[in-house]
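Everything below belongs to my_file-v5.txt, which stores compact mmCIF, C-alpha atoms and all ligand atoms.
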```txt
# COMPACT_ATOMS: atom_id res chain seq x y z
CA MET A 1 18.27 -37.53 -63.91
CA ILE A 2 19.42 -37.83 -60.29
CA LYS A 3 19.51 -41.22 -58.59
CA GLN A 4 21.05 -42.64 -55.47
CA LYS A 5 22.37 -46.14 -55.99
CA ASP A 6 26.02 -46.90 -55.32
CA GLY A 7 26.90 -43.23 -55.07
CA ILE A 8 24.87 -40.39 -56.56
CA HIS A 9 24.24 -40.70 -60.30
CA ILE A 10 23.78 -37.41 -62.12
CA GLY A 11 22.66 -36.70 -65.68
CA ARG A 12 21.05 -38.35 -68.69
CA GLU A 13 23.48 -37.16 -71.39
CA LYS A 14 26.47 -38.43 -69.50
CA ASN A 15 26.59 -40.47 -66.35
CA PHE A 16 28.45 -38.52 -63.66
CA ILE A 17 28.81 -40.59 -60.50
CA ALA A 18 29.76 -39.00 -57.21
CA ASP A 19 31.13 -40.86 -54.18
CA SER A 20 30.45 -44.41 -55.31
CA ARG A 21 32.36 -47.37 -53.95
CA LYS A 22 32.38 -49.61 -56.99
CA GLU A 23 30.31 -48.28 -59.85
CA LYS A 24 32.06 -46.46 -62.65
CA GLY A 25 30.37 -43.75 -64.71
CA ASP A 26 31.50 -41.66 -67.67
CA ALA A 27 33.11 -39.44 -65.04
CA ASN A 28 33.68 -40.24 -61.36
CA ILE A 29 33.81 -37.62 -58.64
CA VAL A 30 35.20 -38.15 -55.14
CA SER A 31 34.16 -35.33 -52.82
CA HIS A 32 36.58 -36.12 -49.97
CA ALA A 33 38.69 -38.79 -48.32
CA HIS A 34 36.34 -40.00 -45.59
CA MET A 35 35.99 -43.73 -46.01
CA ASP A 36 32.31 -43.67 -46.99
CA HIS A 37 33.19 -41.47 -49.97
CA VAL A 38 36.44 -42.96 -51.16
CA HIS A 39 36.30 -44.51 -54.58
CA LYS A 40 37.52 -48.06 -55.01
CA ALA A 41 36.58 -48.41 -58.69
CA PRO A 42 39.20 -48.22 -61.42
CA ASN A 43 40.70 -44.79 -61.94
CA PRO A 44 40.68 -42.02 -63.01
CA VAL A 45 38.65 -39.79 -60.69
CA ILE A 46 37.79 -36.11 -60.42
CA CYS A 47 38.90 -34.88 -56.99
CA SER A 48 41.25 -32.39 -55.37
CA ASP A 49 44.96 -33.25 -55.23
CA LEU A 50 44.89 -33.43 -51.43
CA THR A 51 41.87 -35.77 -51.45
CA ALA A 52 43.80 -38.04 -53.84
CA LYS A 53 46.84 -38.09 -51.51
CA LEU A 54 44.73 -38.75 -48.39
CA ALA A 55 42.64 -41.42 -50.13
CA GLU A 56 45.78 -43.16 -51.40
CA ALA A 57 47.19 -43.30 -47.87
CA ARG A 58 43.94 -44.73 -46.51
CA THR A 59 43.12 -47.28 -49.20
CA GLY A 60 46.55 -48.17 -50.58
CA ILE A 61 45.13 -47.69 -54.09
CA LYS A 62 47.00 -45.34 -56.42
CA ILE A 63 44.68 -42.56 -57.56
CA GLU A 64 44.91 -40.85 -60.89
CA THR A 65 43.09 -37.52 -61.07
CA VAL A 66 41.52 -36.01 -64.18
CA LYS A 67 39.68 -32.84 -65.04
CA HIS A 68 36.37 -32.64 -66.90
CA SER A 69 35.21 -29.54 -68.76
CA ASN A 70 31.68 -29.92 -67.32
CA VAL A 71 32.76 -30.32 -63.69
CA ARG A 72 34.06 -27.56 -61.44
CA LEU A 73 35.25 -28.44 -57.94
CA LEU A 74 34.55 -25.96 -55.13
CA ASP A 75 35.98 -26.12 -51.61
CA SER A 76 33.15 -27.58 -49.50
CA GLY A 77 34.64 -26.55 -46.13
CA HIS A 78 34.13 -30.00 -44.56
CA ILE A 79 37.73 -31.25 -44.22
CA LEU A 80 41.01 -30.39 -45.97
CA GLY A 81 40.72 -31.27 -49.65
CA SER A 82 36.92 -31.72 -49.55
CA SER A 83 35.05 -30.52 -52.63
CA ALA A 84 31.55 -29.81 -53.79
CA ALA A 85 31.03 -30.26 -57.54
CA LEU A 86 29.20 -27.94 -59.91
CA ILE A 87 28.23 -30.07 -62.90
CA LYS A 88 26.85 -28.87 -66.22
CA THR A 89 24.62 -31.51 -67.77
CA ASP A 90 21.31 -31.75 -69.64
CA GLY A 91 21.20 -27.94 -69.89
CA LYS A 92 21.24 -27.58 -66.09
CA ARG A 93 23.71 -26.53 -63.43
CA VAL A 94 23.76 -29.22 -60.78
CA LEU A 95 25.47 -28.55 -57.45
CA TYR A 96 26.49 -31.62 -55.45
CA THR A 97 27.70 -30.53 -52.01
CA GLY A 98 29.21 -33.76 -50.71
CA ASP A 99 29.69 -33.29 -46.96
CA VAL A 100 29.61 -29.57 -46.31
CA SER A 101 30.08 -26.87 -43.70
CA THR A 102 29.57 -23.16 -44.32
CA ARG A 103 31.23 -22.02 -41.07
CA ASP A 104 34.89 -21.12 -40.61
CA ARG A 105 36.46 -23.49 -38.07
CA ALA A 106 39.99 -23.76 -36.64
CA TYR A 107 42.13 -23.40 -39.81
CA ILE A 108 39.41 -24.20 -42.37
CA LYS A 109 37.15 -21.79 -44.29
CA GLY A 110 33.45 -22.53 -44.75
CA PHE A 111 31.81 -23.34 -48.10
CA LYS A 112 30.67 -20.39 -50.23
CA PRO A 113 27.43 -21.39 -51.98
CA VAL A 114 26.93 -20.70 -55.70
CA LYS A 115 23.70 -20.51 -57.74
CA ALA A 116 22.50 -23.73 -59.35
CA ASP A 117 19.35 -25.14 -60.98
CA ILE A 118 19.49 -28.37 -59.05
CA LEU A 119 20.98 -28.82 -55.60
CA ILE A 120 21.94 -32.19 -54.16
CA THR A 121 22.79 -31.57 -50.53
CA GLU A 122 23.69 -33.67 -47.54
CA SER A 123 21.22 -33.27 -44.67
CA THR A 124 23.02 -34.85 -41.71
CA TYR A 125 21.62 -32.27 -39.27
CA GLY A 126 18.40 -31.59 -41.19
CA LEU A 127 16.21 -31.24 -38.09
CA PRO A 128 15.44 -27.91 -36.32
CA PRO A 129 16.90 -28.82 -32.88
CA TYR A 130 20.38 -29.18 -34.39
CA LEU A 131 21.57 -25.60 -34.06
CA PHE A 132 25.17 -25.23 -32.96
CA PRO A 133 26.48 -22.32 -30.87
CA ASP A 134 28.71 -19.71 -32.44
CA GLN A 135 31.97 -21.35 -33.56
CA LYS A 136 34.22 -18.90 -31.69
CA GLU A 137 32.32 -19.74 -28.51
CA ILE A 138 32.74 -23.49 -29.07
CA GLU A 139 36.47 -23.13 -29.70
CA ARG A 140 36.88 -20.80 -26.71
CA GLU A 141 35.18 -23.42 -24.50
CA ILE A 142 37.45 -26.18 -25.76
CA ILE A 143 40.56 -24.07 -25.15
CA ASP A 144 39.33 -23.04 -21.67
CA TRP A 145 38.62 -26.65 -20.73
CA ILE A 146 42.12 -27.73 -21.85
CA GLN A 147 43.72 -24.86 -19.92
CA ASP A 148 41.61 -25.53 -16.81
CA ASN A 149 42.77 -29.16 -16.67
CA LYS A 150 46.48 -28.55 -16.84
CA ASN A 151 47.59 -31.30 -14.46
CA ARG A 152 45.50 -34.12 -15.85
CA PRO A 153 46.07 -36.23 -18.96
CA LEU A 154 43.34 -35.52 -21.50
CA TYR A 155 42.02 -38.12 -23.92
CA LEU A 156 40.36 -36.47 -26.90
CA SER A 157 38.36 -38.58 -29.35
CA ALA A 158 37.88 -37.33 -32.87
CA TYR A 159 37.61 -38.85 -36.35
CA SER A 160 41.18 -39.51 -37.61
CA LEU A 161 40.89 -37.32 -40.68
CA GLY A 162 39.47 -33.83 -40.32
CA LYS A 163 38.19 -33.51 -36.77
CA ALA A 164 41.37 -34.89 -35.18
CA GLN A 165 43.57 -32.27 -36.89
CA LYS A 166 41.26 -29.40 -35.91
CA ILE A 167 41.32 -30.59 -32.30
CA GLN A 168 45.13 -30.86 -32.35
CA TYR A 169 45.24 -27.31 -33.74
CA LEU A 170 43.12 -26.09 -30.80
CA VAL A 171 45.25 -28.01 -28.28
CA LYS A 172 48.35 -26.30 -29.64
CA LYS A 173 46.63 -22.92 -29.33
CA ALA A 174 45.65 -23.69 -25.73
CA VAL A 175 48.78 -25.16 -24.14
CA ASN A 176 52.31 -26.31 -24.75
CA ARG A 177 51.99 -29.96 -23.72
CA PRO A 178 53.16 -33.12 -25.52
CA LEU A 179 50.58 -34.20 -28.08
CA ILE A 180 50.36 -37.97 -28.38
CA VAL A 181 48.33 -39.49 -31.18
CA HIS A 182 47.02 -42.82 -32.34
CA GLY A 183 48.62 -44.28 -35.51
CA SER A 184 45.56 -43.58 -37.68
CA VAL A 185 45.72 -39.88 -36.75
CA LYS A 186 49.51 -39.74 -37.28
CA LYS A 187 49.12 -41.21 -40.75
CA MET A 188 46.71 -38.42 -41.78
CA ASN A 189 48.84 -35.75 -40.03
CA ASP A 190 51.86 -36.83 -42.07
CA ILE A 191 50.07 -36.31 -45.41
CA ILE A 192 48.59 -32.97 -44.31
CA GLU A 193 51.96 -31.71 -43.01
CA LYS A 194 53.60 -32.69 -46.29
CA HIS A 195 51.04 -30.90 -48.50
CA THR A 196 49.91 -27.90 -46.42
CA SER A 197 51.52 -25.39 -44.08
CA LEU A 198 49.99 -27.03 -40.97
CA GLU A 199 52.29 -28.63 -38.38
CA PHE A 200 51.23 -30.75 -35.44
CA ASN A 201 54.59 -32.03 -34.06
CA VAL A 202 53.07 -35.06 -32.40
CA LYS A 203 54.52 -38.09 -30.67
CA PRO A 204 53.36 -41.62 -31.47
CA TYR A 205 51.29 -43.32 -28.80
CA LYS A 206 53.20 -46.60 -28.46
CA GLU A 207 56.54 -45.13 -27.38
CA ASN A 208 55.02 -42.33 -25.30
CA LYS A 209 52.41 -43.93 -23.04
CA ASN A 210 54.52 -42.81 -20.06
CA LEU A 211 53.73 -39.16 -20.88
CA LEU A 212 50.07 -39.98 -20.36
CA LYS A 213 50.65 -41.90 -17.16
CA SER A 214 52.66 -38.97 -15.79
CA GLY A 215 49.84 -36.54 -16.59
CA GLU A 216 51.89 -34.41 -19.00
CA GLY A 217 50.48 -35.58 -22.29
CA ILE A 218 47.31 -34.97 -24.24
CA PHE A 219 46.09 -37.86 -26.37
CA VAL A 220 44.14 -37.59 -29.63
CA GLY A 221 42.71 -40.79 -31.07
CA PRO A 222 39.83 -41.98 -33.24
CA THR A 223 36.34 -42.26 -31.79
CA SER A 224 36.42 -46.03 -32.41
CA PHE A 225 39.21 -46.15 -29.81
CA SER A 226 37.38 -44.11 -27.18
CA ASN A 227 35.67 -46.93 -25.31
CA LYS A 228 38.29 -49.66 -25.52
CA ASP A 229 39.02 -51.31 -22.16
CA PHE A 230 42.72 -50.52 -22.18
CA LEU A 231 42.04 -46.84 -22.89
CA ASN A 232 39.43 -46.71 -20.14
CA ASN A 233 41.95 -48.32 -17.77
CA LEU A 234 44.60 -45.82 -18.80
CA VAL A 235 42.21 -42.92 -18.19
CA LYS A 236 41.25 -44.32 -14.80
CA ASN A 237 44.79 -45.10 -13.66
CA SER A 238 46.15 -41.73 -14.75
CA ASN A 239 43.23 -39.74 -13.31
CA GLY A 240 42.52 -38.53 -16.83
CA LEU A 241 39.52 -36.96 -18.52
CA LYS A 242 37.86 -37.94 -21.78
CA ALA A 243 36.24 -35.56 -24.26
CA GLY A 244 34.28 -36.04 -27.49
CA PHE A 245 33.51 -33.60 -30.30
CA SER A 246 30.34 -33.87 -32.36
CA GLY A 247 27.26 -31.96 -33.43
CA TRP A 248 25.20 -34.85 -32.08
CA CYS A 249 25.93 -33.80 -28.50
CA ILE A 250 23.45 -30.91 -28.96
CA THR A 251 20.62 -33.27 -28.01
CA GLY A 252 22.52 -34.81 -25.08
CA ALA A 253 22.44 -38.40 -26.31
CA TYR A 254 25.90 -38.39 -27.93
CA GLY A 255 28.45 -40.68 -26.30
CA TYR A 256 26.30 -40.89 -23.20
CA GLY A 257 28.47 -41.95 -20.26
CA ARG A 258 31.49 -42.32 -22.51
CA TYR A 259 32.94 -38.84 -22.10
CA ASP A 260 33.50 -36.51 -19.19
CA LYS A 261 32.86 -33.61 -21.54
CA SER A 262 31.35 -33.23 -25.05
CA PHE A 263 31.65 -30.23 -27.35
CA PRO A 264 29.32 -29.51 -30.32
CA PHE A 265 32.21 -29.11 -32.75
CA SER A 266 31.02 -30.33 -36.15
CA ASP A 267 32.36 -30.58 -39.67
CA HIS A 268 28.81 -30.36 -41.09
CA CYS A 269 26.28 -27.54 -41.47
CA ASP A 270 23.84 -27.22 -38.61
CA PHE A 271 20.12 -26.99 -39.41
CA GLY A 272 20.06 -23.21 -39.87
CA GLU A 273 23.16 -23.30 -42.06
CA LEU A 274 21.58 -25.99 -44.25
CA VAL A 275 18.47 -23.83 -44.74
CA ASN A 276 20.66 -20.79 -45.59
CA LEU A 277 22.69 -22.90 -48.00
CA VAL A 278 19.53 -23.87 -49.89
CA ARG A 279 18.31 -20.24 -49.93
CA ASP A 280 21.68 -19.04 -51.28
CA VAL A 281 21.82 -21.66 -54.05
CA ASN A 282 18.13 -20.93 -54.76
CA PRO A 283 17.57 -23.99 -56.97
CA GLU A 284 14.40 -25.06 -58.77
CA LYS A 285 14.80 -28.52 -57.25
CA VAL A 286 16.53 -29.84 -54.12
CA TYR A 287 17.50 -33.43 -53.41
CA THR A 288 18.54 -34.35 -49.88
CA HIS A 289 20.54 -37.32 -48.69
CA HIS A 290 22.17 -38.57 -45.46
CA GLY A 291 20.86 -38.06 -41.91
CA PHE A 292 17.43 -36.44 -41.67
CA ASP A 293 16.93 -36.40 -45.44
CA ALA A 294 13.14 -36.93 -45.56
CA GLU A 295 12.54 -34.53 -42.67
CA PHE A 296 14.71 -31.84 -44.21
CA ALA A 297 13.08 -32.17 -47.64
CA SER A 298 9.62 -31.86 -46.15
CA TYR A 299 10.69 -28.82 -44.10
CA LEU A 300 12.05 -27.14 -47.25
CA LYS A 301 8.77 -27.81 -49.04
CA ARG A 302 6.48 -26.77 -46.22
CA GLU A 303 8.33 -23.79 -44.72
CA GLU A 304 10.49 -22.51 -47.57
CA GLY A 305 8.42 -23.39 -50.65
CA PHE A 306 11.20 -25.34 -52.38
CA ASN A 307 10.55 -28.31 -54.62
CA ALA A 308 12.45 -30.77 -52.45
CA ARG A 309 12.72 -34.52 -52.12
CA SER A 310 14.79 -37.03 -50.28
CA LEU A 311 16.87 -39.12 -52.67
CA LYS A 312 16.50 -42.24 -50.58
CA THR A 313 12.71 -42.44 -50.64
CA ASN A 314 12.42 -41.57 -54.33
CA GLN A 315 15.26 -43.41 -55.91
CA THR A 316 13.26 -45.22 -58.58
CA SER A 317 11.16 -42.34 -59.86
CA LEU A 318 13.46 -39.37 -60.14
CA THR A 319 13.07 -38.53 -63.79
CA ASP A 320 11.48 -35.10 -63.28
CA PHE A 321 13.28 -31.89 -62.36
ZN ZN A 401 32.80 -36.62 -44.43
```
Can you turn what I pasted into structure tokens?
Ligand SMILES: [Zn+2]
Amino acid sequence: MIKQKDGIHIGREKNFIADSRKEKGDANIVSHAHMDHVHKAPNPVICSDLTAKLAEARTGIKIETVKHSNVRLLDSGHILGSSAALIKTDGKRVLYTGDVSTRDRAYIKGFKPVKADILITESTYGLPPYLFPDQKEIEREIIDWIQDNKNRPLYLSAYSLGKAQKIQYLVKKAVNRPLIVHGSVKKMNDIIEKHTSLEFNVKPYKENKNLLKSGEGIFVGPTSFSNKDFLNNLVKNSNGLKAGFSGWCITGAYGYGRYDKSFPFSDHCDFGELVNLVRDVNPEKVYTHHGFDAEFASYLKREEGFNARSLKTNQTSLTDF
């Protein structure tokens, strides 16, 4: 009934497909507009209006949204527009989380779990060491660090959609300095500013490099940009500092040597939050995917008594509940 192929395939009666790149089912769900989830198959898709707008801007493909009486979208608390899907099929309630966070962060509210018979959850941080500090503490530390470095240009690396906007939001809370962003971040800001009440008032990078050289500006760009030679030269020549933001920095290996400072700011559940999510949904069967999927499934079985499996390792024999 549940298979992972191109996307997650759900149901025998009807073929619901979530987050596939090419395959088309009877109904297609897109959980959010991160590139590994954006649908490139023919329309229409089931997704939030904001996800459709963001995905259109990123892929250039016009997206037509539809509703389905068996699918209810729930805010998954990962990025703006991100949705979990509660699907009724084969006499079961199936909850597909997509990427998920249950904690309130910056301007975003965490996911509120609902009861389901079958849970399909991401398990990015499905290992016990991945426990993040309290979110208020993380945000306080980021703000303090920005305020403590008032005379130095700061170069902040964060994924263009989602993390980058939350970091800009924190910068604006911390100081009143010019915010200069990479084009990929600006593109996402523009859509978000048009469709929500958030405002970032940024300056484009190309015309405002001088504000970084002078030490006034704070730069926000994608992580793929963070180790480019010209950026490293700019940081060096302007006596700047570089920071990264990711749950992976909990174990110390994240961006080793790349950043002067790393903060465990994540858009995913940490390990404890994943366990609580499963307890709250209280399903008869759990399927895990992404990250530590096998490890998390075996933890749920061993320590929590759930009937749990990784989708990846069982993709050909998942006919039982
Ligand atoms: Zn994502």
| Once you count all atoms listed in the file, which residues end up within 12 Å of ligand ZN 401 (chain A), and could you hand them over as a PyMOL selection string? | chain A and resi 19+30-38+51+76-84+97-101+122+124+159-163+266-269+290
| query | Any idea what's packed within 9 Å of A:His182, counting only C-alpha atoms, ignoring anything in its chain fewer than 4 positions away? Could you give it as a PyMOL selection string? | reply | chain A and resi 160+186-187+204-206+219-222+225
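Note that the spacing between atom CA of A:Leu131 and atom CA of A:Asn227 amounts to 27.0 Å.
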| From A:Asp280, A:Asp134, A:Glu295, A:Glu303, residue lying nearest A:Leu95 [only C-alpha atoms] |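 Ranking A:Asp280, A:Asp134, A:Glu295, A:Glu303 by distance to A:Leu95, first place goes to A:Asp280.
Distance-wise, atom CA of A:Ser246 and atom CA of A:Thr223 end up 10.3 Å apart.
You will find atom CA of A:Glu199 at 9.6 Å from atom CA of A:Gln165.
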Please determine the residues with any atom at most 12 Å from (11.8, -30.4, -53.6) (coordinates as given in the file, with only C-alpha atoms counting) and report them as an mmCIF file with C-alpha atoms, in the coordinates of the input.
```
data_model
loop_
_atom_site.group_PDB
_atom_site.id
_atom_site.type_symbol
_atom_site.label_atom_id
_atom_site.label_comp_id
_atom_site.auth_asym_id
_atom_site.auth_seq_id
_atom_site.Cartn_x
_atom_site.Cartn_y
_atom_site.Cartn_z
ATOM 1 C CA ASP A 117 19.350 -25.140 -60.980
ATOM 2 C CA ILE A 118 19.490 -28.370 -59.050
ATOM 3 C CA LEU A 119 20.980 -28.820 -55.600
ATOM 4 C CA ILE A 120 21.940 -32.190 -54.160
ATOM 5 C CA THR A 121 22.790 -31.570 -50.530
ATOM 6 C CA VAL A 278 19.530 -23.870 -49.890
ATOM 7 C CA ASN A 282 18.130 -20.930 -54.760
ATOM 8 C CA PRO A 283 17.570 -23.990 -56.970
ATOM 9 C CA GLU A 284 14.400 -25.060 -58.770
ATOM 10 C CA LYS A 285 14.800 -28.520 -57.250
ATOM 11 C CA VAL A 286 16.530 -29.840 -54.120
ATOM 12 C CA TYR A 287 17.500 -33.430 -53.410
ATOM 13 C CA THR A 288 18.540 -34.350 -49.880
ATOM 14 C CA ASP A 293 16.930 -36.400 -45.440
ATOM 15 C CA ALA A 294 13.140 -36.930 -45.560
ATOM 16 C CA GLU A 295 12.540 -34.530 -42.670
ATOM 17 C CA PHE A 296 14.710 -31.840 -44.210
ATOM 18 C CA ALA A 297 13.080 -32.170 -47.640
ATOM 19 C CA SER A 298 9.620 -31.860 -46.150
ATOM 20 C CA TYR A 299 10.690 -28.820 -44.100
ATOM 21 C CA LEU A 300 12.050 -27.140 -47.250
ATOM 22 C CA LYS A 301 8.770 -27.810 -49.040
ATOM 23 C CA ARG A 302 6.480 -26.770 -46.220
ATOM 24 C CA GLU A 303 8.330 -23.790 -44.720
ATOM 25 C CA GLU A 304 10.490 -22.510 -47.570
ATOM 26 C CA GLY A 305 8.420 -23.390 -50.650
ATOM 27 C CA PHE A 306 11.200 -25.340 -52.380
ATOM 28 C CA ASN A 307 10.550 -28.310 -54.620
ATOM 29 C CA ALA A 308 12.450 -30.770 -52.450
ATOM 30 C CA ARG A 309 12.720 -34.520 -52.120
ATOM 31 C CA SER A 310 14.790 -37.030 -50.280
ATOM 32 C CA LEU A 311 16.870 -39.120 -52.670
ATOM 33 C CA ASN A 314 12.420 -41.570 -54.330
ATOM 34 C CA LEU A 318 13.460 -39.370 -60.140
ATOM 35 C CA ASP A 320 11.480 -35.100 -63.280
ATOM 36 C CA PHE A 321 13.280 -31.890 -62.360
#
```
| field | Residues near A:Gly91, cut-off 12 Å, all atoms listed in the file, skip fewer than 4 positions along chain, as a PyMOL selection string | value | chain A and resi 1+11-14+70+87+116-118+321
| Distance query A:Gln147 at most 7 Å, all atoms listed in the file, self and fewer than 3 positions along chain excluded, as an MDAnalysis selection string | chainID A and resid 143:144 150 174:175
| message | Set the distance at 9 Å and use all atoms listed in the file: which residues neighbour A:Ala106 once local chain neighbours fewer than 3 positions away are removed? I'd like the list as a list in words. | response | Lys109, Gln135, Glu139, Lys166, Ile167, Tyr169 and Leu170 of chain A
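Distances to A:Ala164 were evaluated for A:Tyr96, A:Phe245, A:Phe292, A:Trp145 using only C-alpha atoms, and the minimum falls at A:Phe245.
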| said: Which residue is closest to A:His68? Choose from A:Phe16, A:Arg93, A:Asp49, A:Leu277 and count only C-alpha atoms. | reply: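 Of all the options, A:Phe16 lies closest to A:His68.
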| query | For A:Thr251, which of A:Leu127, A:Arg105, A:Lys112, A:Arg58 is the closest residue, counting all atoms listed in the file? | reply |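 Closest residue, counting all atoms listed in the file: A:Leu127.
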| request: Could you check which of A:Val114, A:Ile108, A:Ile8, A:Ala57 is closest to A:Met188, using only C-alpha atoms? | output: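 Once distances to A:Met188 are computed over only C-alpha atoms, the minimum belongs to A:Ala57.
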| request: Pick out the closest residue to A:Gly126 from this set: A:Asn276, A:Ser214, A:Asn149, A:Ser197. Count all atoms listed in the file. | output: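 Counting all atoms listed in the file, the residue closest to A:Gly126 is A:Asn276.
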| request: Write out as a PyMOL selection string each polymer residue whose atoms come within 8 Å of A:Gly247, counting only C-alpha atoms; drop sequence neighbours fewer than 6 positions from it. | output: chain A and resi 130+132+263-266+268+270
Can you complete the atoms of stretch 6-28 of chain A to N, CA and C atoms and list them as an mmCIF file, in the coordinates of the input?
```cif
data_model
loop_
_atom_site.group_PDB
_atom_site.id
_atom_site.type_symbol
_atom_site.label_atom_id
_atom_site.label_comp_id
_atom_site.auth_asym_id
_atom_site.auth_seq_id
_atom_site.Cartn_x
_atom_site.Cartn_y
_atom_site.Cartn_z
ATOM 1 N N ASP A 6 24.688 -46.899 -55.922
ATOM 2 C CA ASP A 6 26.020 -46.900 -55.320
ATOM 3 C C ASP A 6 26.611 -45.551 -55.674
ATOM 4 N N GLY A 7 26.532 -44.606 -54.763
ATOM 5 C CA GLY A 7 26.900 -43.230 -55.070
ATOM 6 C C GLY A 7 25.705 -42.483 -55.653
ATOM 7 N N ILE A 8 25.934 -41.218 -55.990
ATOM 8 C CA ILE A 8 24.870 -40.390 -56.560
ATOM 9 C C ILE A 8 25.117 -40.303 -58.069
ATOM 10 N N HIS A 9 24.128 -40.692 -58.837
ATOM 11 C CA HIS A 9 24.240 -40.700 -60.300
ATOM 12 C C HIS A 9 23.556 -39.446 -60.835
ATOM 13 N N ILE A 10 24.274 -38.714 -61.672
ATOM 14 C CA ILE A 10 23.780 -37.410 -62.120
ATOM 15 C C ILE A 10 23.818 -37.320 -63.640
ATOM 16 N N GLY A 11 22.685 -37.029 -64.252
ATOM 17 C CA GLY A 11 22.660 -36.700 -65.680
ATOM 18 C C GLY A 11 22.147 -37.812 -66.569
ATOM 19 N N ARG A 12 21.503 -37.390 -67.668
ATOM 20 C CA ARG A 12 21.050 -38.350 -68.690
ATOM 21 C C ARG A 12 22.041 -38.413 -69.842
ATOM 22 N N GLU A 13 22.546 -37.222 -70.249
ATOM 23 C CA GLU A 13 23.480 -37.160 -71.390
ATOM 24 C C GLU A 13 24.717 -37.983 -71.115
ATOM 25 N N LYS A 14 25.278 -37.721 -69.939
ATOM 26 C CA LYS A 14 26.470 -38.430 -69.500
ATOM 27 C C LYS A 14 26.205 -38.890 -68.097
ATOM 28 N N ASN A 15 26.826 -39.964 -67.689
ATOM 29 C CA ASN A 15 26.590 -40.470 -66.350
ATOM 30 C C ASN A 15 27.734 -40.031 -65.422
ATOM 31 N N PHE A 16 27.487 -38.934 -64.679
ATOM 32 C CA PHE A 16 28.450 -38.520 -63.660
ATOM 33 C C PHE A 16 28.101 -39.275 -62.386
ATOM 34 N N ILE A 17 29.086 -39.894 -61.763
ATOM 35 C CA ILE A 17 28.810 -40.590 -60.500
ATOM 36 C C ILE A 17 29.689 -39.994 -59.405
ATOM 37 N N ALA A 18 29.026 -39.606 -58.317
ATOM 38 C CA ALA A 18 29.760 -39.000 -57.210
ATOM 39 C C ALA A 18 29.788 -39.961 -56.020
ATOM 40 N N ASP A 19 30.964 -40.115 -55.434
ATOM 41 C CA ASP A 19 31.130 -40.860 -54.180
ATOM 42 C C ASP A 19 30.582 -42.278 -54.211
ATOM 43 N N SER A 20 30.854 -42.996 -55.285
ATOM 44 C CA SER A 20 30.450 -44.410 -55.310
ATOM 45 C C SER A 20 31.607 -45.265 -54.821
ATOM 46 N N ARG A 21 31.303 -46.463 -54.401
ATOM 47 C CA ARG A 21 32.360 -47.370 -53.950
ATOM 48 C C ARG A 21 32.880 -48.233 -55.082
ATOM 49 N N LYS A 22 31.967 -48.682 -55.937
ATOM 50 C CA LYS A 22 32.380 -49.610 -56.990
ATOM 51 C C LYS A 22 31.997 -49.149 -58.377
ATOM 52 N N GLU A 23 30.813 -48.549 -58.504
ATOM 53 C CA GLU A 23 30.310 -48.280 -59.850
ATOM 54 C C GLU A 23 31.102 -47.190 -60.554
ATOM 55 N N LYS A 24 31.262 -47.389 -61.854
ATOM 56 C CA LYS A 24 32.060 -46.460 -62.650
ATOM 57 C C LYS A 24 31.149 -45.794 -63.673
ATOM 58 N N GLY A 25 31.171 -44.458 -63.727
ATOM 59 C CA GLY A 25 30.370 -43.750 -64.710
ATOM 60 C C GLY A 25 31.241 -43.219 -65.828
ATOM 61 N N ASP A 26 30.678 -42.313 -66.650
ATOM 62 C CA ASP A 26 31.500 -41.660 -67.670
ATOM 63 C C ASP A 26 32.534 -40.760 -67.000
ATOM 64 N N ALA A 27 32.169 -40.222 -65.841
ATOM 65 C CA ALA A 27 33.110 -39.440 -65.040
ATOM 66 C C ALA A 27 32.804 -39.698 -63.570
ATOM 67 N N ASN A 28 33.857 -39.870 -62.771
ATOM 68 C CA ASN A 28 33.680 -40.240 -61.360
ATOM 69 C C ASN A 28 34.246 -39.162 -60.457
#
```
